[in-house]
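Trainee: Enclosed is the structure file protein-v4.cif (mmCIF, N, CA and C atoms).
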data_my_file
#
loop_
_atom_site.label_atom_id
_atom_site.label_comp_id
_atom_site.auth_asym_id
_atom_site.auth_seq_id
_atom_site.Cartn_x
_atom_site.Cartn_y
_atom_site.Cartn_z
N MET F 22 7.07 -23.81 67.01
CA MET F 22 7.19 -24.21 65.63
C MET F 22 5.84 -24.58 65.06
N THR F 23 5.00 -25.25 65.85
CA THR F 23 3.69 -25.63 65.35
C THR F 23 2.78 -24.43 65.18
N LYS F 24 2.94 -23.39 66.01
CA LYS F 24 2.14 -22.19 65.84
C LYS F 24 2.47 -21.52 64.51
N THR F 25 3.74 -21.50 64.16
CA THR F 25 4.16 -20.91 62.90
C THR F 25 3.60 -21.70 61.72
N LEU F 26 3.61 -23.00 61.83
CA LEU F 26 3.07 -23.86 60.77
C LEU F 26 1.57 -23.66 60.63
N VAL F 27 0.87 -23.59 61.73
CA VAL F 27 -0.59 -23.39 61.71
C VAL F 27 -0.91 -22.02 61.12
N ARG F 28 -0.19 -21.00 61.53
CA ARG F 28 -0.41 -19.65 60.96
C ARG F 28 -0.18 -19.65 59.45
N SER F 29 0.87 -20.31 58.99
CA SER F 29 1.17 -20.37 57.56
C SER F 29 0.05 -21.06 56.80
N LEU F 30 -0.46 -22.16 57.38
CA LEU F 30 -1.56 -22.88 56.73
C LEU F 30 -2.83 -22.03 56.70
N LEU F 31 -3.11 -21.33 57.79
CA LEU F 31 -4.30 -20.49 57.84
C LEU F 31 -4.20 -19.34 56.84
N LEU F 32 -3.01 -18.81 56.67
CA LEU F 32 -2.83 -17.73 55.69
C LEU F 32 -2.91 -18.26 54.26
N ALA F 33 -2.50 -19.49 54.04
CA ALA F 33 -2.48 -20.06 52.69
C ALA F 33 -3.84 -20.58 52.26
N LEU F 34 -4.72 -20.97 53.21
CA LEU F 34 -6.02 -21.56 52.87
C LEU F 34 -6.87 -20.70 51.94
N PRO F 35 -7.02 -19.42 52.17
CA PRO F 35 -7.85 -18.62 51.26
C PRO F 35 -7.30 -18.60 49.83
N PHE F 36 -6.01 -18.70 49.69
CA PHE F 36 -5.41 -18.64 48.36
C PHE F 36 -5.47 -19.97 47.62
N LEU F 37 -5.68 -21.07 48.33
CA LEU F 37 -5.75 -22.37 47.69
C LEU F 37 -6.96 -22.49 46.78
N ALA F 38 -8.03 -21.77 47.10
CA ALA F 38 -9.24 -21.84 46.29
C ALA F 38 -9.13 -21.00 45.01
N LEU F 39 -8.18 -20.10 44.95
CA LEU F 39 -8.02 -19.25 43.77
C LEU F 39 -7.35 -20.05 42.65
N GLN F 40 -7.85 -19.83 41.45
CA GLN F 40 -7.22 -20.46 40.30
C GLN F 40 -6.40 -19.41 39.57
N GLY F 41 -5.35 -19.82 38.94
CA GLY F 41 -4.51 -18.89 38.22
C GLY F 41 -3.05 -19.22 38.44
N CYS F 42 -2.24 -18.24 38.27
CA CYS F 42 -0.81 -18.49 38.44
C CYS F 42 -0.19 -17.34 39.22
N PHE F 43 0.92 -17.62 39.78
CA PHE F 43 1.67 -16.61 40.50
C PHE F 43 2.90 -16.26 39.69
N ILE F 44 3.20 -15.01 39.61
CA ILE F 44 4.38 -14.54 38.88
C ILE F 44 5.39 -14.03 39.90
N VAL F 45 6.58 -14.55 39.78
CA VAL F 45 7.65 -14.10 40.66
C VAL F 45 8.64 -13.33 39.80
N VAL F 46 8.91 -12.11 40.21
CA VAL F 46 9.83 -11.26 39.47
C VAL F 46 11.17 -11.26 40.19
N ASP F 47 12.19 -11.64 39.46
CA ASP F 47 13.55 -11.61 40.01
C ASP F 47 14.14 -10.25 39.68
N ASP F 48 14.21 -9.41 40.68
CA ASP F 48 14.72 -8.06 40.43
C ASP F 48 16.21 -7.95 40.75
N HIS F 49 16.85 -9.08 40.90
CA HIS F 49 18.29 -9.08 41.18
C HIS F 49 19.05 -8.96 39.87
N ASP F 50 19.80 -7.87 39.72
CA ASP F 50 20.63 -7.69 38.53
C ASP F 50 21.92 -8.49 38.69
N ASP F 51 22.25 -9.22 37.66
CA ASP F 51 23.47 -10.00 37.69
C ASP F 51 24.62 -9.11 37.22
N ASP F 52 25.35 -8.57 38.17
CA ASP F 52 26.44 -7.66 37.84
C ASP F 52 27.62 -8.35 37.19
N ASP F 53 27.66 -9.67 37.29
CA ASP F 53 28.78 -10.41 36.71
C ASP F 53 28.61 -10.61 35.21
N TYR F 54 27.44 -10.32 34.66
CA TYR F 54 27.17 -10.54 33.24
C TYR F 54 27.90 -9.50 32.40
N GLU F 55 28.66 -9.96 31.44
CA GLU F 55 29.32 -9.06 30.50
C GLU F 55 28.76 -9.33 29.11
N PRO F 56 28.18 -8.32 28.47
CA PRO F 56 27.62 -8.54 27.14
C PRO F 56 28.73 -8.90 26.15
N ILE F 57 28.36 -9.73 25.21
CA ILE F 57 29.31 -10.12 24.18
C ILE F 57 29.46 -8.96 23.21
N PRO F 58 30.67 -8.47 23.02
CA PRO F 58 30.83 -7.35 22.09
C PRO F 58 30.55 -7.77 20.65
N ASN F 59 29.98 -6.85 19.91
CA ASN F 59 29.71 -7.12 18.51
C ASN F 59 30.97 -6.87 17.69
N ALA F 60 31.25 -7.76 16.78
CA ALA F 60 32.41 -7.59 15.89
C ALA F 60 31.93 -7.00 14.57
N GLU F 61 32.76 -6.17 13.98
CA GLU F 61 32.39 -5.56 12.70
C GLU F 61 32.52 -6.58 11.57
N PRO F 62 31.47 -6.68 10.75
CA PRO F 62 31.58 -7.55 9.59
C PRO F 62 32.48 -6.90 8.53
N ARG F 63 32.94 -7.68 7.58
CA ARG F 63 33.78 -7.12 6.54
C ARG F 63 33.58 -7.86 5.23
N VAL F 64 33.82 -7.15 4.15
CA VAL F 64 33.82 -7.73 2.82
C VAL F 64 35.28 -8.08 2.52
N LEU F 65 35.51 -9.34 2.16
CA LEU F 65 36.88 -9.79 1.93
C LEU F 65 37.37 -9.42 0.54
N ALA F 66 38.57 -8.87 0.49
CA ALA F 66 39.19 -8.55 -0.80
C ALA F 66 39.80 -9.83 -1.36
N GLY F 67 39.84 -9.91 -2.66
CA GLY F 67 40.44 -11.07 -3.30
C GLY F 67 39.67 -11.48 -4.53
N GLU F 68 40.03 -12.63 -5.06
CA GLU F 68 39.44 -13.09 -6.31
C GLU F 68 37.96 -13.45 -6.17
N ASP F 69 37.50 -13.72 -4.94
CA ASP F 69 36.12 -14.16 -4.77
C ASP F 69 35.12 -13.02 -4.63
N THR F 70 35.58 -11.80 -4.43
CA THR F 70 34.70 -10.63 -4.44
C THR F 70 34.96 -9.90 -5.74
N TRP F 71 33.91 -9.82 -6.58
CA TRP F 71 34.11 -9.30 -7.93
C TRP F 71 32.79 -8.80 -8.52
N TRP F 72 32.92 -8.16 -9.65
CA TRP F 72 31.78 -7.78 -10.49
C TRP F 72 32.19 -7.98 -11.94
N ALA F 73 31.20 -8.20 -12.79
CA ALA F 73 31.47 -8.40 -14.22
C ALA F 73 30.23 -8.03 -15.02
N CYS F 74 30.45 -7.75 -16.29
CA CYS F 74 29.34 -7.50 -17.21
C CYS F 74 29.51 -8.46 -18.38
N ASN F 75 28.45 -9.20 -18.68
CA ASN F 75 28.48 -10.18 -19.75
C ASN F 75 27.21 -10.09 -20.58
N ARG F 76 27.22 -10.80 -21.69
CA ARG F 76 26.05 -10.80 -22.58
C ARG F 76 25.36 -12.15 -22.55
N SER F 77 24.03 -12.12 -22.53
CA SER F 77 23.22 -13.32 -22.64
C SER F 77 22.58 -13.33 -24.03
N ASP F 78 23.01 -14.28 -24.87
CA ASP F 78 22.41 -14.39 -26.20
C ASP F 78 20.96 -14.86 -26.12
N VAL F 79 20.64 -15.65 -25.11
CA VAL F 79 19.27 -16.15 -24.94
C VAL F 79 18.32 -14.99 -24.64
N GLU F 80 18.72 -14.10 -23.75
CA GLU F 80 17.88 -12.96 -23.38
C GLU F 80 18.12 -11.74 -24.27
N ASP F 81 19.14 -11.80 -25.11
CA ASP F 81 19.51 -10.70 -25.99
C ASP F 81 19.70 -9.41 -25.19
N ASP F 82 20.45 -9.55 -24.11
CA ASP F 82 20.67 -8.41 -23.22
C ASP F 82 21.99 -8.63 -22.47
N TYR F 83 22.58 -7.55 -22.02
CA TYR F 83 23.75 -7.63 -21.16
C TYR F 83 23.29 -7.72 -19.71
N PHE F 84 24.10 -8.34 -18.87
CA PHE F 84 23.78 -8.41 -17.45
C PHE F 84 25.03 -8.13 -16.62
N TRP F 85 24.79 -7.52 -15.48
CA TRP F 85 25.84 -7.23 -14.51
C TRP F 85 25.72 -8.26 -13.40
N GLU F 86 26.84 -8.84 -13.02
CA GLU F 86 26.85 -9.83 -11.95
C GLU F 86 27.80 -9.35 -10.85
N PHE F 87 27.34 -9.47 -9.61
CA PHE F 87 28.11 -9.03 -8.45
C PHE F 87 28.22 -10.18 -7.46
N GLN F 88 29.40 -10.32 -6.85
CA GLN F 88 29.57 -11.31 -5.79
C GLN F 88 30.48 -10.73 -4.71
N ALA F 89 30.05 -10.90 -3.46
CA ALA F 89 30.84 -10.44 -2.32
C ALA F 89 31.00 -11.59 -1.34
N ILE F 90 32.21 -11.76 -0.85
CA ILE F 90 32.48 -12.72 0.21
C ILE F 90 32.57 -11.93 1.52
N VAL F 91 31.75 -12.33 2.48
CA VAL F 91 31.60 -11.59 3.73
C VAL F 91 32.08 -12.45 4.89
N ASP F 92 32.71 -11.81 5.87
CA ASP F 92 33.13 -12.49 7.08
C ASP F 92 32.70 -11.65 8.27
N ASP F 93 32.31 -12.33 9.34
CA ASP F 93 31.95 -11.65 10.57
C ASP F 93 32.49 -12.49 11.72
N PRO F 94 33.46 -11.98 12.47
CA PRO F 94 34.08 -12.78 13.53
C PRO F 94 33.11 -13.33 14.57
N ASP F 95 31.96 -12.66 14.78
CA ASP F 95 31.00 -13.19 15.75
C ASP F 95 29.90 -14.01 15.08
N GLY F 96 30.10 -14.40 13.83
CA GLY F 96 29.15 -15.27 13.13
C GLY F 96 28.39 -14.54 12.06
N LEU F 97 28.02 -15.27 11.03
CA LEU F 97 27.30 -14.69 9.90
C LEU F 97 25.81 -14.51 10.18
N GLY F 98 25.33 -15.03 11.30
CA GLY F 98 23.90 -14.98 11.60
C GLY F 98 23.36 -13.59 11.83
N ASP F 99 24.20 -12.61 12.15
CA ASP F 99 23.69 -11.27 12.40
C ASP F 99 23.88 -10.32 11.21
N ILE F 100 24.23 -10.86 10.05
CA ILE F 100 24.35 -10.02 8.86
C ILE F 100 22.95 -9.61 8.43
N GLU F 101 22.74 -8.32 8.32
CA GLU F 101 21.42 -7.81 7.93
C GLU F 101 21.32 -7.58 6.42
N SER F 102 22.37 -7.00 5.83
CA SER F 102 22.31 -6.73 4.40
C SER F 102 23.70 -6.61 3.81
N VAL F 103 23.79 -6.96 2.54
CA VAL F 103 24.99 -6.73 1.75
C VAL F 103 24.53 -6.00 0.50
N ASP F 104 25.05 -4.80 0.29
CA ASP F 104 24.61 -3.98 -0.83
C ASP F 104 25.80 -3.64 -1.72
N VAL F 105 25.48 -3.33 -2.96
CA VAL F 105 26.51 -2.90 -3.90
C VAL F 105 26.08 -1.54 -4.47
N PHE F 106 27.02 -0.61 -4.51
CA PHE F 106 26.80 0.73 -5.05
C PHE F 106 27.74 0.91 -6.23
N VAL F 107 27.18 1.28 -7.36
CA VAL F 107 27.97 1.40 -8.59
C VAL F 107 28.09 2.89 -8.94
N TYR F 108 29.35 3.35 -9.06
CA TYR F 108 29.65 4.75 -9.35
C TYR F 108 30.33 4.86 -10.71
N ARG F 109 30.13 5.99 -11.36
CA ARG F 109 30.89 6.27 -12.57
C ARG F 109 32.35 6.40 -12.15
N ALA F 110 33.25 5.73 -12.88
CA ALA F 110 34.66 5.66 -12.49
C ALA F 110 35.26 7.05 -12.32
N GLU F 111 36.01 7.20 -11.25
CA GLU F 111 36.75 8.41 -10.92
C GLU F 111 35.84 9.62 -10.68
N ARG F 112 34.57 9.37 -10.37
CA ARG F 112 33.64 10.45 -10.03
C ARG F 112 32.82 10.02 -8.83
N ASP F 113 32.14 10.95 -8.23
CA ASP F 113 31.26 10.63 -7.10
C ASP F 113 29.81 10.44 -7.55
N GLU F 114 29.59 10.18 -8.81
CA GLU F 114 28.24 10.04 -9.35
C GLU F 114 27.75 8.60 -9.17
N LEU F 115 26.74 8.44 -8.31
CA LEU F 115 26.15 7.13 -8.08
C LEU F 115 25.24 6.78 -9.25
N LEU F 116 25.52 5.65 -9.91
CA LEU F 116 24.70 5.22 -11.04
C LEU F 116 23.53 4.35 -10.58
N ASP F 117 23.79 3.41 -9.68
CA ASP F 117 22.75 2.50 -9.23
C ASP F 117 23.21 1.77 -7.97
N ALA F 118 22.27 1.17 -7.26
CA ALA F 118 22.57 0.41 -6.04
C ALA F 118 21.63 -0.79 -5.96
N TYR F 119 22.15 -1.89 -5.41
CA TYR F 119 21.39 -3.13 -5.35
C TYR F 119 21.69 -3.87 -4.05
N GLY F 120 20.71 -4.61 -3.56
CA GLY F 120 20.91 -5.52 -2.45
C GLY F 120 21.28 -6.88 -2.99
N LEU F 121 22.27 -7.51 -2.39
CA LEU F 121 22.69 -8.83 -2.83
C LEU F 121 21.99 -9.92 -2.02
N VAL F 122 21.90 -11.11 -2.59
CA VAL F 122 21.18 -12.22 -2.00
C VAL F 122 22.17 -13.15 -1.28
N ASP F 123 21.78 -13.61 -0.11
CA ASP F 123 22.61 -14.55 0.66
C ASP F 123 22.57 -15.91 -0.03
N GLU F 124 23.72 -16.36 -0.51
CA GLU F 124 23.82 -17.65 -1.19
C GLU F 124 24.37 -18.72 -0.26
N GLY F 125 24.66 -18.35 0.99
CA GLY F 125 25.15 -19.30 1.98
C GLY F 125 26.66 -19.27 2.12
N GLY F 126 27.14 -19.58 3.31
CA GLY F 126 28.57 -19.65 3.56
C GLY F 126 29.32 -18.35 3.42
N GLY F 127 28.64 -17.23 3.61
CA GLY F 127 29.30 -15.93 3.49
C GLY F 127 29.37 -15.39 2.08
N VAL F 128 28.71 -16.06 1.13
CA VAL F 128 28.69 -15.61 -0.26
C VAL F 128 27.37 -14.88 -0.51
N PHE F 129 27.49 -13.66 -1.04
CA PHE F 129 26.31 -12.87 -1.41
C PHE F 129 26.47 -12.49 -2.87
N GLY F 130 25.38 -12.61 -3.64
CA GLY F 130 25.50 -12.32 -5.06
C GLY F 130 24.21 -11.79 -5.65
N GLY F 131 24.31 -11.37 -6.90
CA GLY F 131 23.14 -10.86 -7.60
C GLY F 131 23.44 -10.57 -9.06
N ILE F 132 22.38 -10.60 -9.85
CA ILE F 132 22.46 -10.30 -11.28
C ILE F 132 21.46 -9.21 -11.60
N VAL F 133 21.88 -8.24 -12.41
CA VAL F 133 21.02 -7.13 -12.82
C VAL F 133 21.11 -7.02 -14.33
N TRP F 134 19.95 -7.03 -14.98
CA TRP F 134 19.93 -6.86 -16.44
C TRP F 134 20.19 -5.41 -16.79
N GLU F 135 20.99 -5.20 -17.82
CA GLU F 135 21.33 -3.84 -18.24
C GLU F 135 20.07 -3.04 -18.59
N SER F 136 19.11 -3.70 -19.24
CA SER F 136 17.89 -3.00 -19.66
C SER F 136 17.02 -2.58 -18.48
N GLU F 137 17.28 -3.12 -17.29
CA GLU F 137 16.50 -2.77 -16.10
C GLU F 137 17.30 -1.93 -15.11
N SER F 138 18.37 -1.32 -15.58
CA SER F 138 19.23 -0.55 -14.68
C SER F 138 19.70 0.73 -15.36
N TYR F 139 20.49 1.49 -14.62
CA TYR F 139 21.11 2.70 -15.16
C TYR F 139 22.56 2.43 -15.55
N LEU F 140 22.91 1.16 -15.67
CA LEU F 140 24.27 0.78 -16.01
C LEU F 140 24.37 0.46 -17.49
N TYR F 141 25.56 0.70 -18.04
CA TYR F 141 25.82 0.39 -19.44
C TYR F 141 27.11 -0.43 -19.49
N CYS F 142 27.00 -1.62 -20.03
CA CYS F 142 28.16 -2.50 -20.12
C CYS F 142 29.19 -1.84 -21.04
N GLY F 143 30.34 -1.55 -20.52
CA GLY F 143 31.36 -0.86 -21.28
C GLY F 143 31.77 0.43 -20.62
N ASP F 144 30.88 1.00 -19.79
CA ASP F 144 31.25 2.19 -19.03
C ASP F 144 32.20 1.80 -17.91
N PRO F 145 33.25 2.57 -17.70
CA PRO F 145 34.12 2.29 -16.55
C PRO F 145 33.40 2.68 -15.25
N VAL F 146 33.37 1.74 -14.29
CA VAL F 146 32.68 2.00 -13.03
C VAL F 146 33.56 1.59 -11.86
N ASP F 147 33.29 2.22 -10.72
CA ASP F 147 33.85 1.83 -9.43
C ASP F 147 32.71 1.22 -8.62
N VAL F 148 33.02 0.18 -7.87
CA VAL F 148 31.96 -0.55 -7.15
C VAL F 148 32.29 -0.59 -5.66
N LEU F 149 31.31 -0.19 -4.85
CA LEU F 149 31.43 -0.26 -3.40
C LEU F 149 30.55 -1.40 -2.90
N PHE F 150 31.16 -2.39 -2.25
CA PHE F 150 30.43 -3.46 -1.58
C PHE F 150 30.34 -3.08 -0.10
N GLU F 151 29.14 -3.15 0.48
CA GLU F 151 28.96 -2.78 1.88
C GLU F 151 28.15 -3.83 2.61
N VAL F 152 28.62 -4.23 3.78
CA VAL F 152 27.91 -5.20 4.64
C VAL F 152 27.54 -4.51 5.94
N VAL F 153 26.31 -4.76 6.42
CA VAL F 153 25.82 -4.17 7.67
C VAL F 153 25.22 -5.29 8.51
N ASP F 154 25.52 -5.31 9.82
CA ASP F 154 24.89 -6.32 10.67
C ASP F 154 23.74 -5.70 11.46
N VAL F 155 23.02 -6.51 12.21
CA VAL F 155 21.82 -6.05 12.91
C VAL F 155 22.13 -5.03 14.01
N HIS F 156 23.39 -4.93 14.41
CA HIS F 156 23.79 -3.97 15.44
C HIS F 156 24.22 -2.64 14.84
N GLY F 157 24.20 -2.54 13.51
CA GLY F 157 24.58 -1.30 12.85
C GLY F 157 26.05 -1.21 12.49
N ALA F 158 26.82 -2.21 12.86
CA ALA F 158 28.24 -2.22 12.48
C ALA F 158 28.35 -2.52 10.99
N ALA F 159 29.30 -1.90 10.33
CA ALA F 159 29.41 -2.05 8.89
C ALA F 159 30.86 -2.20 8.46
N GLY F 160 31.01 -2.82 7.30
CA GLY F 160 32.31 -2.94 6.66
C GLY F 160 32.12 -2.76 5.17
N SER F 161 33.17 -2.39 4.46
CA SER F 161 33.01 -2.16 3.03
C SER F 161 34.31 -2.46 2.30
N LEU F 162 34.16 -2.60 0.99
CA LEU F 162 35.30 -2.80 0.10
C LEU F 162 35.00 -2.02 -1.16
N PHE F 163 35.93 -1.14 -1.55
CA PHE F 163 35.76 -0.31 -2.74
C PHE F 163 36.66 -0.87 -3.84
N VAL F 164 36.05 -1.32 -4.94
CA VAL F 164 36.78 -1.88 -6.06
C VAL F 164 36.78 -0.84 -7.18
N THR F 165 37.95 -0.32 -7.50
CA THR F 165 38.04 0.74 -8.48
C THR F 165 38.35 0.18 -9.86
N TYR F 166 37.89 0.92 -10.86
CA TYR F 166 38.14 0.56 -12.26
C TYR F 166 39.59 0.87 -12.59
N TYR F 167 40.23 -0.01 -13.33
CA TYR F 167 41.62 0.25 -13.72
C TYR F 167 41.84 -0.03 -15.18
#
Would you encode the structure as structure tokens?
Mentor:
Amino acid sequence: MTKTLVRSLLLALPFLALQGCFIVVDDHDDDDYEPIPNAEPRVLAGEDTWWACNRSDVEDDYFWEFQAIVDDPDGLGDIESVDVFVYRAERDELLDAYGLVDEGGGVFGGIVWESESYLYCGDPVDVLFEVVDVHGAAGSLFVTYY
């Protein structure tokens, strides 16, 4: 036993003078690890997801306002973007698209001035709300003009 201890000390002595660090790589794969599946986010239908066009007398312009309520079963932290696509009603003609701002608690919203867009307040439009998370999973809600 003492010979083994002496040999170990003799082998370690040259390395004691070296400065630096040692890196140990654990190459053991943990086969028991199961990745957490990503859940698809979704835009919730209901009174809280909407769009409207109104007039601002102060700005002397019309504005479009959009709001989407978003839910993600694995948490809102991986939501990458919420966008709105505005189509001419009953056609496949895309008029404009916008990214909405995270207002907290799953609420995303935005305002667009009519003078700065291709939208005209009074035109019938269909609106597609789309949410995408960082994993590429997406959900959408299509609100049609009636």
Trainee: Translate the PyMOL selection byres (((chain F and resi 114-127 and name CA) around 9) and name CA), as applied to the file shown, into an explicit residue set as an NGL selection string.
Mentor: :F and (87-93 or 97 or 102-113 or 128-133 or 138-140 or 146)
Trainee: To verify the selection step, state as a VMD selection string which residues the PyMOL selection byres ((chain F and resi 99) around 8) yields on this input.
Mentor: chain F and resid 93 95 to 98 100 to 102 153 to 156
Trainee: Produce a file of the selected residues containing N, CA and C atoms, as a PDB file, in the frame of the given file.
Mentor:
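And here's selection07.pdb as it stands now:
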ATOM      1  N   ASP F  93      32.310 -12.330   9.340  1.00  0.00           N
ATOM      2  CA  ASP F  93      31.950 -11.650  10.570  1.00  0.00           C
ATOM      3  C   ASP F  93      32.490 -12.490  11.720  1.00  0.00           C
ATOM      4  N   ASP F  95      31.960 -12.660  14.780  1.00  0.00           N
ATOM      5  CA  ASP F  95      31.000 -13.190  15.750  1.00  0.00           C
ATOM      6  C   ASP F  95      29.900 -14.010  15.080  1.00  0.00           C
ATOM      7  N   GLY F  96      30.100 -14.400  13.830  1.00  0.00           N
ATOM      8  CA  GLY F  96      29.150 -15.270  13.130  1.00  0.00           C
ATOM      9  C   GLY F  96      28.390 -14.540  12.060  1.00  0.00           C
ATOM     10  N   LEU F  97      28.020 -15.270  11.030  1.00  0.00           N
ATOM     11  CA  LEU F  97      27.300 -14.690   9.900  1.00  0.00           C
ATOM     12  C   LEU F  97      25.810 -14.510  10.180  1.00  0.00           C
ATOM     13  N   GLY F  98      25.330 -15.030  11.300  1.00  0.00           N
ATOM     14  CA  GLY F  98      23.900 -14.980  11.600  1.00  0.00           C
ATOM     15  C   GLY F  98      23.360 -13.590  11.830  1.00  0.00           C
ATOM     16  N   ILE F 100      24.230 -10.860  10.050  1.00  0.00           N
ATOM     17  CA  ILE F 100      24.350 -10.020   8.860  1.00  0.00           C
ATOM     18  C   ILE F 100      22.950  -9.610   8.430  1.00  0.00           C
ATOM     19  N   GLU F 101      22.740  -8.320   8.320  1.00  0.00           N
ATOM     20  CA  GLU F 101      21.420  -7.810   7.930  1.00  0.00           C
ATOM     21  C   GLU F 101      21.320  -7.580   6.420  1.00  0.00           C
ATOM     22  N   SER F 102      22.370  -7.000   5.830  1.00  0.00           N
ATOM     23  CA  SER F 102      22.310  -6.730   4.400  1.00  0.00           C
ATOM     24  C   SER F 102      23.700  -6.610   3.810  1.00  0.00           C
ATOM     25  N   VAL F 153      26.310  -4.760   6.420  1.00  0.00           N
ATOM     26  CA  VAL F 153      25.820  -4.170   7.670  1.00  0.00           C
ATOM     27  C   VAL F 153      25.220  -5.290   8.510  1.00  0.00           C
ATOM     28  N   ASP F 154      25.520  -5.310   9.820  1.00  0.00           N
ATOM     29  CA  ASP F 154      24.890  -6.320  10.670  1.00  0.00           C
ATOM     30  C   ASP F 154      23.740  -5.700  11.460  1.00  0.00           C
ATOM     31  N   VAL F 155      23.020  -6.510  12.210  1.00  0.00           N
ATOM     32  CA  VAL F 155      21.820  -6.050  12.910  1.00  0.00           C
ATOM     33  C   VAL F 155      22.130  -5.030  14.010  1.00  0.00           C
ATOM     34  N   HIS F 156      23.390  -4.930  14.410  1.00  0.00           N
ATOM     35  CA  HIS F 156      23.790  -3.970  15.440  1.00  0.00           C
ATOM     36  C   HIS F 156      24.220  -2.640  14.840  1.00  0.00           C
TER      37      HIS F 156
END
Trainee: Quick one: pull the distance between CA of Asp82 (chain F) and CA of Val164 (chain F), Å, one decimal.
Mentor: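 These atoms are spaced 24.4 Å apart.
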Trainee: Any idea what the distance is between CA of Asp69 (chain F) and CA of Tyr83 (chain F)?
Mentor: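 Computing it gives 21.5 Å between the two atoms.
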Trainee: What is the distance between CA of Gly143 (chain F) and atom N of Glu68 (chain F), in Å to one decimal?
Mentor: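 Calculated distance between CA of Gly143 (chain F) and atom N of Glu68 (chain F) is 21.8 Å.
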Trainee: Point out the residue among F:Thr25, F:Ala158, F:Val148, F:Thr165 with the least atom-to-atom distance to Asn59 (chain F), counting all atoms listed in the file.
Mentor: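 Under the stated criterion, the closest residue is F:Ala158.
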